[in-house]
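Shown next: model_0.cif, containing mmCIF, C-alpha atoms and all ligand atoms.
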```cif
data_input
#
loop_
_atom_site.label_atom_id
_atom_site.label_comp_id
_atom_site.auth_asym_id
_atom_site.auth_seq_id
_atom_site.Cartn_x
_atom_site.Cartn_y
_atom_site.Cartn_z
CA LYS Q 1 -40.23 44.19 -52.81
CA THR Q 2 -39.75 44.51 -49.07
CA TYR Q 3 -41.06 42.13 -46.44
CA LYS Q 4 -42.76 42.29 -43.06
CA VAL Q 5 -40.39 40.25 -40.91
CA ALA Q 6 -40.55 38.77 -37.40
CA ILE Q 7 -37.80 37.31 -35.20
CA VAL Q 8 -39.00 34.81 -32.62
CA GLY Q 9 -36.59 34.56 -29.68
CA ALA Q 10 -35.19 37.96 -30.56
CA THR Q 11 -33.59 38.52 -27.15
CA GLY Q 12 -31.58 35.26 -27.28
CA ALA Q 13 -28.01 34.58 -28.38
CA VAL Q 14 -29.08 33.65 -31.92
CA GLY Q 15 -32.05 36.04 -32.16
CA ARG Q 16 -29.80 39.05 -31.57
CA GLU Q 17 -27.51 37.90 -34.37
CA MET Q 18 -30.53 37.42 -36.63
CA LEU Q 19 -31.37 41.10 -36.30
CA ARG Q 20 -27.75 42.01 -37.05
CA CYS Q 21 -27.67 39.71 -40.12
CA ILE Q 22 -30.90 41.17 -41.52
CA PHE Q 23 -29.19 44.57 -41.58
CA GLN Q 24 -25.67 43.44 -42.50
CA PHE Q 25 -26.73 41.23 -45.41
CA HIS Q 26 -29.46 43.59 -46.62
CA PHE Q 27 -32.49 41.39 -46.18
CA PRO Q 28 -35.16 43.67 -47.75
CA PHE Q 29 -37.48 44.37 -44.83
CA GLU Q 30 -40.40 46.75 -44.56
CA SER Q 31 -40.77 46.17 -40.82
CA ILE Q 32 -39.23 43.92 -38.15
CA LYS Q 33 -41.24 42.61 -35.21
CA LEU Q 34 -39.21 41.28 -32.27
CA LEU Q 35 -40.92 38.50 -30.32
CA ALA Q 36 -39.83 36.85 -27.06
CA SER Q 37 -41.38 35.66 -23.82
CA ALA Q 38 -43.61 37.76 -21.57
CA ARG Q 39 -40.48 38.42 -19.47
CA SER Q 40 -39.02 40.57 -22.25
CA ALA Q 41 -42.20 42.29 -23.46
CA GLY Q 42 -41.71 46.06 -23.55
CA LYS Q 43 -37.91 45.92 -23.64
CA VAL Q 44 -36.42 48.30 -26.18
CA VAL Q 45 -33.74 47.01 -28.57
CA GLU Q 46 -31.76 49.62 -30.51
CA TYR Q 47 -29.97 48.77 -33.71
CA GLU Q 48 -28.44 51.15 -36.25
CA GLY Q 49 -30.69 54.02 -35.26
CA HIS Q 50 -33.84 51.90 -35.21
CA GLU Q 51 -35.73 51.26 -31.98
CA PHE Q 52 -37.67 48.03 -31.63
CA VAL Q 53 -40.02 47.23 -28.76
CA VAL Q 54 -40.03 43.52 -27.91
CA GLU Q 55 -43.50 41.95 -27.95
CA GLU Q 56 -44.74 38.81 -26.25
CA LEU Q 57 -45.09 35.84 -28.61
CA THR Q 58 -48.73 34.76 -28.91
CA GLU Q 59 -50.87 32.78 -31.33
CA ASN Q 60 -51.86 36.07 -32.97
CA SER Q 61 -48.35 37.47 -33.46
CA PHE Q 62 -48.17 36.58 -37.17
CA GLU Q 63 -51.09 38.46 -38.73
CA GLY Q 64 -49.59 40.28 -41.72
CA ILE Q 65 -46.08 38.86 -41.16
CA GLU Q 66 -44.54 37.46 -44.38
CA VAL Q 67 -41.29 35.92 -43.11
CA ALA Q 68 -40.36 34.78 -39.59
CA PHE Q 69 -36.99 33.67 -38.29
CA TRP Q 70 -37.32 31.36 -35.27
CA SER Q 71 -34.83 30.63 -32.50
CA ALA Q 72 -36.70 30.35 -29.21
CA GLY Q 73 -36.38 26.58 -28.73
CA GLY Q 74 -38.03 23.51 -30.27
CA SER Q 75 -41.09 23.48 -28.01
CA ILE Q 76 -41.90 27.11 -28.93
CA SER Q 77 -41.60 26.32 -32.65
CA GLU Q 78 -43.77 23.26 -32.19
CA LYS Q 79 -46.48 25.18 -30.36
CA TYR Q 80 -46.62 28.46 -32.28
CA MET Q 81 -45.41 27.77 -35.81
CA PRO Q 82 -48.68 26.19 -36.97
CA TYR Q 83 -50.39 29.55 -36.26
CA ALA Q 84 -47.74 31.35 -38.32
CA VAL Q 85 -48.15 28.92 -41.24
CA LYS Q 86 -51.91 29.40 -41.05
CA ALA Q 87 -51.43 33.16 -41.20
CA GLY Q 88 -49.51 32.70 -44.49
CA CYS Q 89 -46.08 33.45 -43.04
CA VAL Q 90 -42.99 31.62 -44.38
CA ASN Q 91 -41.00 30.29 -41.42
CA ILE Q 92 -37.27 29.71 -41.25
CA ASP Q 93 -36.69 27.66 -38.12
CA ASN Q 94 -33.36 27.40 -36.33
CA THR Q 95 -34.60 24.81 -33.83
CA SER Q 96 -34.30 21.06 -34.27
CA HIS Q 97 -38.04 20.46 -34.09
CA PHE Q 98 -38.95 20.11 -37.80
CA ARG Q 99 -35.55 19.21 -39.26
CA MET Q 100 -36.18 15.56 -40.01
CA ASP Q 101 -39.80 16.09 -41.14
CA PRO Q 102 -39.92 14.85 -44.76
CA ASP Q 103 -42.15 17.82 -45.68
CA VAL Q 104 -39.60 20.33 -44.41
CA PRO Q 105 -36.51 21.21 -46.48
CA LEU Q 106 -33.30 21.23 -44.40
CA VAL Q 107 -31.10 23.75 -46.13
CA VAL Q 108 -27.58 25.13 -46.33
CA PRO Q 109 -28.06 27.44 -49.33
CA GLU Q 110 -24.72 26.80 -51.07
CA VAL Q 111 -25.06 23.04 -50.60
CA ASN Q 112 -28.74 22.18 -51.31
CA GLY Q 113 -30.56 25.45 -52.01
CA TYR Q 114 -32.52 23.55 -54.68
CA ALA Q 115 -34.48 21.80 -51.87
CA LEU Q 116 -36.20 25.11 -50.98
CA LYS Q 117 -38.61 24.85 -53.90
CA ASP Q 118 -40.52 22.06 -52.12
CA HIS Q 119 -41.26 24.07 -48.97
CA LYS Q 120 -44.73 24.14 -47.43
CA GLY Q 121 -44.31 27.18 -45.20
CA ILE Q 122 -41.50 25.82 -42.99
CA ILE Q 123 -37.80 25.59 -43.81
CA ALA Q 124 -35.41 24.15 -41.24
CA ASN Q 125 -31.96 25.49 -40.53
CA PRO Q 126 -29.65 22.54 -39.73
CA ASN Q 127 -27.74 22.15 -36.49
CA CYS Q 128 -24.72 24.46 -36.23
CA THR Q 129 -22.24 21.57 -36.20
CA THR Q 130 -23.80 20.03 -39.31
CA ILE Q 131 -23.89 23.30 -41.27
CA GLN Q 132 -20.19 24.07 -41.04
CA MET Q 133 -19.21 20.47 -41.79
CA VAL Q 134 -21.39 20.00 -44.89
CA SER Q 135 -20.48 23.44 -46.19
CA ALA Q 136 -16.75 22.61 -45.91
CA LEU Q 137 -17.20 19.14 -47.45
CA ASN Q 138 -19.69 19.88 -50.23
CA ARG Q 139 -17.27 20.39 -53.14
CA LEU Q 140 -15.05 17.55 -51.90
CA ASP Q 141 -18.09 15.26 -51.87
CA GLU Q 142 -19.07 16.26 -55.41
CA TYR Q 143 -15.59 15.40 -56.69
CA PHE Q 144 -14.28 12.58 -54.47
CA ASP Q 145 -17.62 11.03 -53.35
CA ILE Q 146 -17.42 10.86 -49.55
CA GLU Q 147 -18.43 7.50 -48.10
CA ARG Q 148 -17.75 8.05 -44.43
CA ILE Q 149 -17.17 10.97 -42.05
CA ILE Q 150 -15.64 10.71 -38.58
CA VAL Q 151 -15.94 14.00 -36.71
CA SER Q 152 -15.11 15.32 -33.24
CA THR Q 153 -16.43 18.73 -32.27
CA TYR Q 154 -15.07 21.40 -29.92
CA GLN Q 155 -18.19 23.45 -29.25
CA ALA Q 156 -18.50 26.89 -27.69
CA VAL Q 157 -20.74 27.58 -24.71
CA SER Q 158 -22.87 30.09 -26.66
CA GLY Q 159 -24.42 27.03 -28.32
CA ALA Q 160 -26.25 26.70 -25.02
CA GLY Q 161 -27.57 30.25 -25.37
CA VAL Q 162 -27.00 33.31 -23.25
CA ALA Q 163 -27.08 31.14 -20.11
CA GLY Q 164 -24.10 29.09 -21.37
CA MET Q 165 -21.97 32.20 -21.86
CA GLU Q 166 -22.91 33.61 -18.47
CA GLU Q 167 -21.99 30.28 -16.89
CA LEU Q 168 -18.48 30.25 -18.42
CA TYR Q 169 -17.78 33.85 -17.34
CA ARG Q 170 -19.07 33.28 -13.82
CA GLN Q 171 -17.33 29.94 -13.26
CA SER Q 172 -14.01 31.26 -14.62
CA GLN Q 173 -14.15 34.07 -12.06
CA GLU Q 174 -15.11 31.61 -9.32
CA VAL Q 175 -12.05 29.44 -10.12
CA LEU Q 176 -9.77 32.49 -10.25
CA ASP Q 177 -11.15 33.56 -6.88
CA GLY Q 178 -10.24 30.14 -5.46
CA LYS Q 179 -13.88 29.05 -5.14
CA GLU Q 180 -15.66 25.89 -6.32
CA PRO Q 181 -17.29 26.65 -9.68
CA VAL Q 182 -21.07 26.28 -9.53
CA ALA Q 183 -22.64 24.48 -12.51
CA LYS Q 184 -26.28 25.26 -13.30
CA THR Q 185 -26.78 24.85 -17.06
CA LEU Q 186 -24.15 22.75 -18.86
CA PRO Q 187 -23.85 20.20 -20.29
CA CYS Q 188 -27.57 20.41 -20.87
CA ALA Q 189 -30.11 22.54 -19.00
CA SER Q 190 -32.77 19.81 -19.04
CA ASP Q 191 -30.54 16.92 -17.91
CA LYS Q 192 -30.19 15.69 -14.33
CA LYS Q 193 -26.58 16.67 -13.57
CA HIS Q 194 -24.53 19.77 -14.32
CA PHE Q 195 -20.72 20.00 -14.53
CA PRO Q 196 -18.34 22.97 -14.60
CA ILE Q 197 -17.21 24.06 -18.06
CA ALA Q 198 -14.53 26.51 -16.83
CA PHE Q 199 -11.07 24.95 -17.43
CA ASN Q 200 -12.78 21.73 -18.54
CA CYS Q 201 -14.09 19.75 -21.53
CA ILE Q 202 -17.48 18.00 -21.32
CA PRO Q 203 -18.13 15.08 -23.71
CA GLN Q 204 -21.87 15.70 -23.73
CA VAL Q 205 -23.83 18.19 -25.85
CA ASP Q 206 -27.61 17.75 -25.52
CA LYS Q 207 -29.13 14.65 -23.89
CA PHE Q 208 -28.20 11.01 -24.46
CA ASP Q 209 -30.10 8.53 -26.57
CA LEU Q 210 -29.89 5.62 -24.15
CA ASP Q 211 -30.61 3.12 -26.92
CA ASN Q 212 -27.56 3.80 -29.06
CA HIS Q 213 -25.26 5.60 -26.55
CA PHE Q 214 -24.83 8.68 -28.75
CA THR Q 215 -26.07 12.13 -27.74
CA LYS Q 216 -28.86 13.91 -29.59
CA GLU Q 217 -26.32 16.45 -30.85
CA GLU Q 218 -24.24 13.63 -32.34
CA MET Q 219 -27.33 12.09 -33.94
CA LYS Q 220 -28.20 15.48 -35.46
CA MET Q 221 -24.87 15.35 -37.31
CA VAL Q 222 -25.54 11.76 -38.39
CA ASN Q 223 -29.12 12.24 -39.64
CA GLU Q 224 -29.00 15.80 -40.94
CA THR Q 225 -25.88 15.13 -43.03
CA LYS Q 226 -27.66 12.28 -44.82
CA LYS Q 227 -30.70 14.47 -45.50
CA ILE Q 228 -28.69 17.46 -46.78
CA PHE Q 229 -26.33 15.43 -48.99
CA ASN Q 230 -29.34 13.33 -50.01
CA LYS Q 231 -27.39 10.06 -49.78
CA ASP Q 232 -26.63 7.35 -47.28
CA ILE Q 233 -23.31 8.74 -46.11
CA LYS Q 234 -21.84 7.15 -42.95
CA VAL Q 235 -21.25 9.59 -40.08
CA ASN Q 236 -19.72 8.97 -36.66
CA ALA Q 237 -19.69 12.00 -34.35
CA THR Q 238 -18.35 12.83 -30.90
CA CYS Q 239 -19.58 16.21 -29.67
CA VAL Q 240 -17.65 17.97 -26.90
CA ARG Q 241 -18.32 21.26 -25.11
CA VAL Q 242 -15.15 23.30 -24.52
CA PRO Q 243 -14.58 26.55 -22.59
CA VAL Q 244 -14.75 28.76 -25.69
CA LEU Q 245 -17.29 31.58 -25.71
CA ARG Q 246 -18.12 31.62 -29.37
CA GLY Q 247 -17.23 29.56 -32.47
CA HIS Q 248 -17.30 25.81 -33.00
CA SER Q 249 -14.25 23.86 -34.19
CA GLU Q 250 -14.36 20.39 -35.75
CA SER Q 251 -11.76 17.75 -36.48
CA VAL Q 252 -13.14 16.05 -39.59
CA TYR Q 253 -11.83 12.83 -41.17
CA ILE Q 254 -13.34 11.65 -44.44
CA GLU Q 255 -13.07 8.47 -46.47
CA THR Q 256 -13.75 8.83 -50.17
CA LYS Q 257 -14.58 6.59 -53.10
CA LYS Q 258 -12.04 8.28 -55.40
CA PRO Q 259 -8.42 8.43 -54.18
CA ILE Q 260 -7.37 11.76 -52.69
CA ASP Q 261 -5.45 14.14 -54.94
CA ILE Q 262 -4.30 16.76 -52.45
CA ASP Q 263 -3.71 19.50 -55.08
CA LYS Q 264 -7.28 19.01 -56.25
CA VAL Q 265 -8.48 19.20 -52.61
CA PHE Q 266 -6.83 22.60 -52.19
CA GLU Q 267 -8.21 23.78 -55.53
CA LEU Q 268 -11.75 22.70 -54.60
CA LEU Q 269 -11.59 24.24 -51.12
CA SER Q 270 -10.28 27.50 -52.61
CA ASN Q 271 -13.34 27.63 -54.85
CA SER Q 272 -16.06 26.50 -52.44
CA PRO Q 273 -18.78 29.12 -51.94
CA GLY Q 274 -19.08 30.22 -48.31
CA VAL Q 275 -15.73 28.59 -47.45
CA GLU Q 276 -12.38 30.23 -46.76
CA LEU Q 277 -9.29 28.03 -47.07
CA TYR Q 278 -7.10 29.22 -44.21
CA ASP Q 279 -4.16 26.87 -44.37
CA ASP Q 280 -0.47 27.79 -44.45
CA ILE Q 281 1.38 25.64 -41.93
CA GLU Q 282 4.81 27.13 -42.70
CA ASN Q 283 3.45 30.35 -41.29
CA GLN Q 284 1.28 28.64 -38.63
CA VAL Q 285 -1.88 29.74 -40.38
CA TYR Q 286 -4.92 27.68 -39.36
CA PRO Q 287 -8.42 28.58 -38.23
CA MET Q 288 -9.15 29.25 -34.55
CA ALA Q 289 -12.52 30.13 -33.05
CA THR Q 290 -11.44 33.50 -31.67
CA LEU Q 291 -10.28 34.69 -35.11
CA PHE Q 292 -13.71 34.59 -36.68
CA ILE Q 293 -16.23 35.94 -34.18
CA GLY Q 294 -19.11 37.62 -36.00
CA ASP Q 295 -17.97 36.33 -39.41
CA GLU Q 296 -20.29 34.41 -41.75
CA LEU Q 297 -17.83 32.06 -43.50
CA VAL Q 298 -16.66 28.51 -42.81
CA HIS Q 299 -12.88 28.38 -42.34
CA VAL Q 300 -10.88 25.30 -43.25
CA GLY Q 301 -7.27 24.47 -42.39
CA ARG Q 302 -4.89 21.66 -41.36
CA VAL Q 303 -5.85 19.91 -44.60
CA ARG Q 304 -3.81 16.73 -44.96
CA LYS Q 305 -3.97 13.38 -46.65
CA ASP Q 306 -4.08 10.31 -44.41
CA LEU Q 307 -0.67 8.61 -44.11
CA ASP Q 308 -2.01 5.07 -44.45
CA ASN Q 309 -5.19 5.36 -46.50
CA ASP Q 310 -5.05 6.81 -50.01
CA HIS Q 311 -8.79 7.43 -49.86
CA ALA Q 312 -8.84 9.55 -46.70
CA LEU Q 313 -8.30 13.15 -45.64
CA SER Q 314 -8.26 15.17 -42.41
CA LEU Q 315 -9.34 18.77 -41.98
CA TRP Q 316 -10.04 21.32 -39.26
CA VAL Q 317 -13.23 23.33 -39.71
CA VAL Q 318 -14.10 26.47 -37.73
CA ALA Q 319 -17.15 28.75 -37.91
CA ASP Q 320 -18.97 31.22 -35.69
CA GLN Q 321 -21.86 28.93 -34.89
CA LEU Q 322 -24.17 31.83 -34.01
CA MET Q 323 -23.56 33.20 -37.54
CA LYS Q 324 -22.97 30.51 -40.19
CA GLY Q 325 -24.33 27.88 -37.82
CA ALA Q 326 -27.53 29.75 -37.06
CA ALA Q 327 -28.44 33.40 -37.74
CA TYR Q 328 -26.52 33.96 -40.96
CA ASN Q 329 -27.57 30.65 -42.51
CA SER Q 330 -31.22 31.43 -41.64
CA VAL Q 331 -31.09 34.89 -43.21
CA ASP Q 332 -29.18 33.47 -46.18
CA ILE Q 333 -32.00 30.93 -46.67
CA GLY Q 334 -34.40 33.90 -46.86
CA LEU Q 335 -32.17 35.67 -49.38
CA LYS Q 336 -31.87 32.49 -51.46
CA MET Q 337 -35.67 32.15 -51.47
CA ILE Q 338 -36.00 35.69 -52.80
CA GLU Q 339 -33.37 34.91 -55.48
CA LEU Q 340 -35.31 31.77 -56.49
CA GLY Q 341 -38.63 33.64 -56.57
CA LEU Q 342 -40.00 31.62 -53.64
CA LEU Q 343 -40.82 34.56 -51.36
P1 LIG Q 401 -36.69 35.75 -23.21
O1 LIG Q 401 -35.40 36.51 -23.30
O2 LIG Q 401 -37.88 36.64 -23.06
O3 LIG Q 401 -36.65 34.60 -22.24
P2 LIG Q 401 -31.22 31.77 -25.54
O4 LIG Q 401 -31.22 30.46 -26.28
O5 LIG Q 401 -30.09 32.66 -25.90
O6 LIG Q 401 -31.37 31.60 -24.06
O7 LIG Q 401 -32.56 32.55 -26.05
C1 LIG Q 401 -33.83 31.98 -26.04
C2 LIG Q 401 -34.83 32.93 -26.71
O8 LIG Q 401 -36.12 32.31 -26.70
C3 LIG Q 401 -35.01 34.24 -25.97
O9 LIG Q 401 -35.27 35.28 -26.87
C4 LIG Q 401 -36.21 33.95 -25.10
O10 LIG Q 401 -36.93 35.11 -24.69
C5 LIG Q 401 -37.06 33.16 -26.05
N1 LIG Q 401 -38.07 32.39 -25.33
C6 LIG Q 401 -37.89 31.49 -24.34
N2 LIG Q 401 -39.08 31.03 -23.89
C7 LIG Q 401 -40.05 31.65 -24.61
C8 LIG Q 401 -41.47 31.62 -24.65
N3 LIG Q 401 -42.18 30.85 -23.81
N4 LIG Q 401 -42.13 32.43 -25.54
C9 LIG Q 401 -41.43 33.21 -26.38
N5 LIG Q 401 -40.08 33.30 -26.40
C10 LIG Q 401 -39.39 32.52 -25.54
#
```
Since I need it in another form, could you write the structure as structure tokens?
Ligand code: A2P
Amino acid sequence: KTYKVAIVGATGAVGREMLRCIFQFHFPFESIKLLASARSAGKVVEYEGHEFVVEELTENSFEGIEVAFWSAGGSISEKYMPYAVKAGCVNIDNTSHFRMDPDVPLVVPEVNGYALKDHKGIIANPNCTTIQMVSALNRLDEYFDIERIIVSTYQAVSGAGVAGMEELYRQSQEVLDGKEPVAKTLPCASDKKHFPIAFNCIPQVDKFDLDNHFTKEEMKMVNETKKIFNKDIKVNATCVRVPVLRGHSESVYIETKKPIDIDKVFELLSNSPGVELYDDIENQVYPMATLFIGDELVHVGRVRKDLDNDHALSLWVVADQLMKGAAYNSVDIGLKMIELGLL
């Protein structure tokens, strides 16, 4: 069977990768409809000999569409997805809007693909930072039983969309030209102040929760990890934007119920689906964001047992967040649903 597919937010940083992933990972499509705002209507997108004309997203865009991949922002999903569900379309949503809804499975296929069977027309794709962390930790959790995670992220500007990338390019040139860099988007387009990302690190991704002093991005890691692992795992996150164009890195520290057996850790990481163990310190082999642009795997290195705590381990986790953290995971959810007979 082939499917009538739509991509919502098709002109964005993630939407473009969604189109690429549909082709690259052979999602069986009969047709692909590209949807974006009125600004983009009529634009022609060419891919592998196909020409697609971008259409404006409306309430009526989903007649006859069987599967839609969404990445146009939470408010767009909130407003338009009910029409898609009503039209009988299965929706795989990359925005944060429905993620914590108890009726919506939050899925990383190799970790909790089983949760897909309970879907009611909407499946949420977790936050990019959560996806790569839980994918890297899944087999370790099964074996060692993780009790607590402490994570710091080093997040690329493309997480803030096309505008984030343009801002890093432009500000870098402004600094090189001896000018003051002008900040318009980061750390968060909808917050009051903006700071330069060129030659800088910004310890704010998304807006603050003024009640608990964490950012929304940090709370996504806290809450989504519990939902995906389906247990009350403790998570403490610090999310930082760094001047990297593409690919998120994470320093992850875990505390486990069972004591760490480092040989077993390496064996488990070597056999984790979706994960590449990339760790050979004698030869300075460790993952770096620029090594894996456009790649769909989660790369793990710098794996080492804690020096003082027998029940703790550190690792460095890198993934292209537009791919594994967004577009690839979404398309992989669709493929998993086909495999499970759910589409
Ligand atoms: P457009 O390019 O027409 O603005 P990014 O996160 O990379 O900035 O991409 C956001 C995506 O969401 C783009 O494809 C953008 O389309 C789309 N989008 C933004 N606002 C709307 C809207 N009101 N209706 C439909 N699509 C939208």
So which residues are near ligand LIG 401 (chain Q), meaning at most 6 Å away with only C-alpha atoms and all ligand atoms counted, given back as a ChimeraX atom specification? /Q:9-13,36-37,39-40,57,72,161-163
Using all atoms listed in the file, which residue out of Q:Ser75, Q:Thr153, Q:Thr215, Q:Thr185 lies closest to Glu166 of chain Q? Q:Thr185
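Taking all atoms listed in the file into account, Ser249 of chain Q lies nearest to Q:Asp320 out of the set Q:Asp118, Q:Asp320, Q:Glu66, Q:Glu30.
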Name all residues at most 12 Å from Asp93 of chain Q (count only C-alpha atoms; drop same-chain ones fewer than 5 positions away) and give them as a ChimeraX atom specification. /Q:6-9,14-15,18,67-78,80-81,84-85,98-99,104-107,121-127,326-327,329-331,333-334
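When atom CA of Thr225 of chain Q is paired with atom CA of Ile262 of chain Q, their separation reads 23.6 Å.
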Neighbours of Ala312 of chain Q within 6 Å (only C-alpha atoms; same-chain residues fewer than 5 positions away dropped), as an NGL selection string? :Q and (254-255 or 306)
Provide the atom CA of Lys234 of chain Q to atom CA of Thr130 of chain Q distance in Å, to one decimal place.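 About the pair atom CA of Lys234 of chain Q and atom CA of Thr130 of chain Q: they are 13.5 Å apart.
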Expected residue set, 12 Å radius at (-44.0, 42.5, -42.1), only C-alpha atoms, as a CSV table (one decimal) with C-alpha atoms, in the frame of the given file:
```csv
chain,number,residue,atom,x,y,z
Q,1,LYS,CA,-40.2,44.2,-52.8
Q,2,THR,CA,-39.8,44.5,-49.1
Q,3,TYR,CA,-41.1,42.1,-46.4
Q,4,LYS,CA,-42.8,42.3,-43.1
Q,5,VAL,CA,-40.4,40.2,-40.9
Q,6,ALA,CA,-40.6,38.8,-37.4
Q,7,ILE,CA,-37.8,37.3,-35.2
Q,28,PRO,CA,-35.2,43.7,-47.8
Q,29,PHE,CA,-37.5,44.4,-44.8
Q,30,GLU,CA,-40.4,46.8,-44.6
Q,31,SER,CA,-40.8,46.2,-40.8
Q,32,ILE,CA,-39.2,43.9,-38.2
Q,33,LYS,CA,-41.2,42.6,-35.2
Q,34,LEU,CA,-39.2,41.3,-32.3
Q,61,SER,CA,-48.4,37.5,-33.5
Q,62,PHE,CA,-48.2,36.6,-37.2
Q,63,GLU,CA,-51.1,38.5,-38.7
Q,64,GLY,CA,-49.6,40.3,-41.7
Q,65,ILE,CA,-46.1,38.9,-41.2
Q,66,GLU,CA,-44.5,37.5,-44.4
Q,67,VAL,CA,-41.3,35.9,-43.1
Q,68,ALA,CA,-40.4,34.8,-39.6
Q,69,PHE,CA,-37.0,33.7,-38.3
Q,87,ALA,CA,-51.4,33.2,-41.2
Q,88,GLY,CA,-49.5,32.7,-44.5
Q,89,CYS,CA,-46.1,33.4,-43.0
Q,90,VAL,CA,-43.0,31.6,-44.4
```
Which residue out of Q:Leu176, Q:Ile281, Q:Cys239, Q:Val222 has the minimum interatomic distance to Val205 of chain Q when only C-alpha atoms are used?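 Of Q:Leu176, Q:Ile281, Q:Cys239, Q:Val222, the one nearest Val205 of chain Q is Q:Cys239, counting only C-alpha atoms.
The smallest atom-to-atom distance between Pro273 of chain Q and any of Q:Val298, Q:Ala198, Q:Ile22, Q:Ala41, using only C-alpha atoms, is found for Q:Val298.
Going from atom CA of Pro243 of chain Q to atom CA of Val45 of chain Q covers 28.7 Å.
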Choose the residue, out of Q:Asp332, Q:Asp232, Q:Glu250, Q:Glu267, that has the smallest atom-to-atom separation from Ala156 of chain Q; count all atoms listed in the file. Q:Glu250
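Among the candidates Q:Ile131, Q:Ile260, Q:Val265, Q:Leu137, the residue lying nearest to Met221 of chain Q is Q:Ile131 (atoms considered: all atoms listed in the file).
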With a distance cut-off of 7 Å and only C-alpha atoms, select the neighbouring residues of segment 244-248 of chain Q, excluding the residue or stretch itself and same-chain residues fewer than 2 positions from it, and output the selection as a PDB file with C-alpha atoms, keeping the file's coordinate frame.
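Writing the result to around_23.pdb gives the following:
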```
ATOM      1  CA  TYR Q 154     -15.070  21.400 -29.920  1.00  0.00           C
ATOM      2  CA  GLN Q 155     -18.190  23.450 -29.250  1.00  0.00           C
ATOM      3  CA  ALA Q 156     -18.500  26.890 -27.690  1.00  0.00           C
ATOM      4  CA  VAL Q 157     -20.740  27.580 -24.710  1.00  0.00           C
ATOM      5  CA  SER Q 158     -22.870  30.090 -26.660  1.00  0.00           C
ATOM      6  CA  MET Q 165     -21.970  32.200 -21.860  1.00  0.00           C
ATOM      7  CA  VAL Q 242     -15.150  23.300 -24.520  1.00  0.00           C
ATOM      8  CA  GLU Q 250     -14.360  20.390 -35.750  1.00  0.00           C
ATOM      9  CA  ALA Q 289     -12.520  30.130 -33.050  1.00  0.00           C
ATOM     10  CA  ILE Q 293     -16.230  35.940 -34.180  1.00  0.00           C
ATOM     11  CA  VAL Q 318     -14.100  26.470 -37.730  1.00  0.00           C
ATOM     12  CA  ALA Q 319     -17.150  28.750 -37.910  1.00  0.00           C
ATOM     13  CA  ASP Q 320     -18.970  31.220 -35.690  1.00  0.00           C
ATOM     14  CA  GLN Q 321     -21.860  28.930 -34.890  1.00  0.00           C
TER      15      GLN Q 321
END
```
In file coordinates, which residues lie within 12 Å of (-22.4, 10.0, -48.1) using only C-alpha atoms, given as a compact mmCIF listing (two decimals) with C-alpha atoms, in the frame of the given file?
```
# COMPACT_ATOMS: atom_id res chain seq x y z
CA VAL Q 134 -21.39 20.00 -44.89
CA LEU Q 137 -17.20 19.14 -47.45
CA ASN Q 138 -19.69 19.88 -50.23
CA LEU Q 140 -15.05 17.55 -51.90
CA ASP Q 141 -18.09 15.26 -51.87
CA GLU Q 142 -19.07 16.26 -55.41
CA PHE Q 144 -14.28 12.58 -54.47
CA ASP Q 145 -17.62 11.03 -53.35
CA ILE Q 146 -17.42 10.86 -49.55
CA GLU Q 147 -18.43 7.50 -48.10
CA ARG Q 148 -17.75 8.05 -44.43
CA ILE Q 149 -17.17 10.97 -42.05
CA ILE Q 150 -15.64 10.71 -38.58
CA VAL Q 222 -25.54 11.76 -38.39
CA ASN Q 223 -29.12 12.24 -39.64
CA GLU Q 224 -29.00 15.80 -40.94
CA THR Q 225 -25.88 15.13 -43.03
CA LYS Q 226 -27.66 12.28 -44.82
CA LYS Q 227 -30.70 14.47 -45.50
CA ILE Q 228 -28.69 17.46 -46.78
CA PHE Q 229 -26.33 15.43 -48.99
CA ASN Q 230 -29.34 13.33 -50.01
CA LYS Q 231 -27.39 10.06 -49.78
CA ASP Q 232 -26.63 7.35 -47.28
CA ILE Q 233 -23.31 8.74 -46.11
CA LYS Q 234 -21.84 7.15 -42.95
CA VAL Q 235 -21.25 9.59 -40.08
CA ASN Q 236 -19.72 8.97 -36.66
CA ILE Q 254 -13.34 11.65 -44.44
CA GLU Q 255 -13.07 8.47 -46.47
CA THR Q 256 -13.75 8.83 -50.17
CA LYS Q 257 -14.58 6.59 -53.10
```
Contacts of Gly301 of chain Q at 8 Å or less, counting only C-alpha atoms, minus same-chain residues fewer than 3 places along, as a ChimeraX atom specification? /Q:277-280,285-287,315-317
As JSON, what would the box around segment 266-280 of chain Q look like: edges along x, y and z, 8 Å added on every side, centre and edge lengths in Å to one decimal?
```
{"center_x": -9.8, "center_y": 26.4, "center_z": -49.9, "size_x": 34.6, "size_y": 23.6, "size_z": 27.3}
```
If you count all atoms listed in the file, which residues fall within 12 Å of Gln24 of chain Q, apart from same-chain ones fewer than 3 positions away, as a VMD selection string? chain Q and resid 17 to 21 27 to 28 47 to 48 294 to 296 323 327 to 328 331 to 332
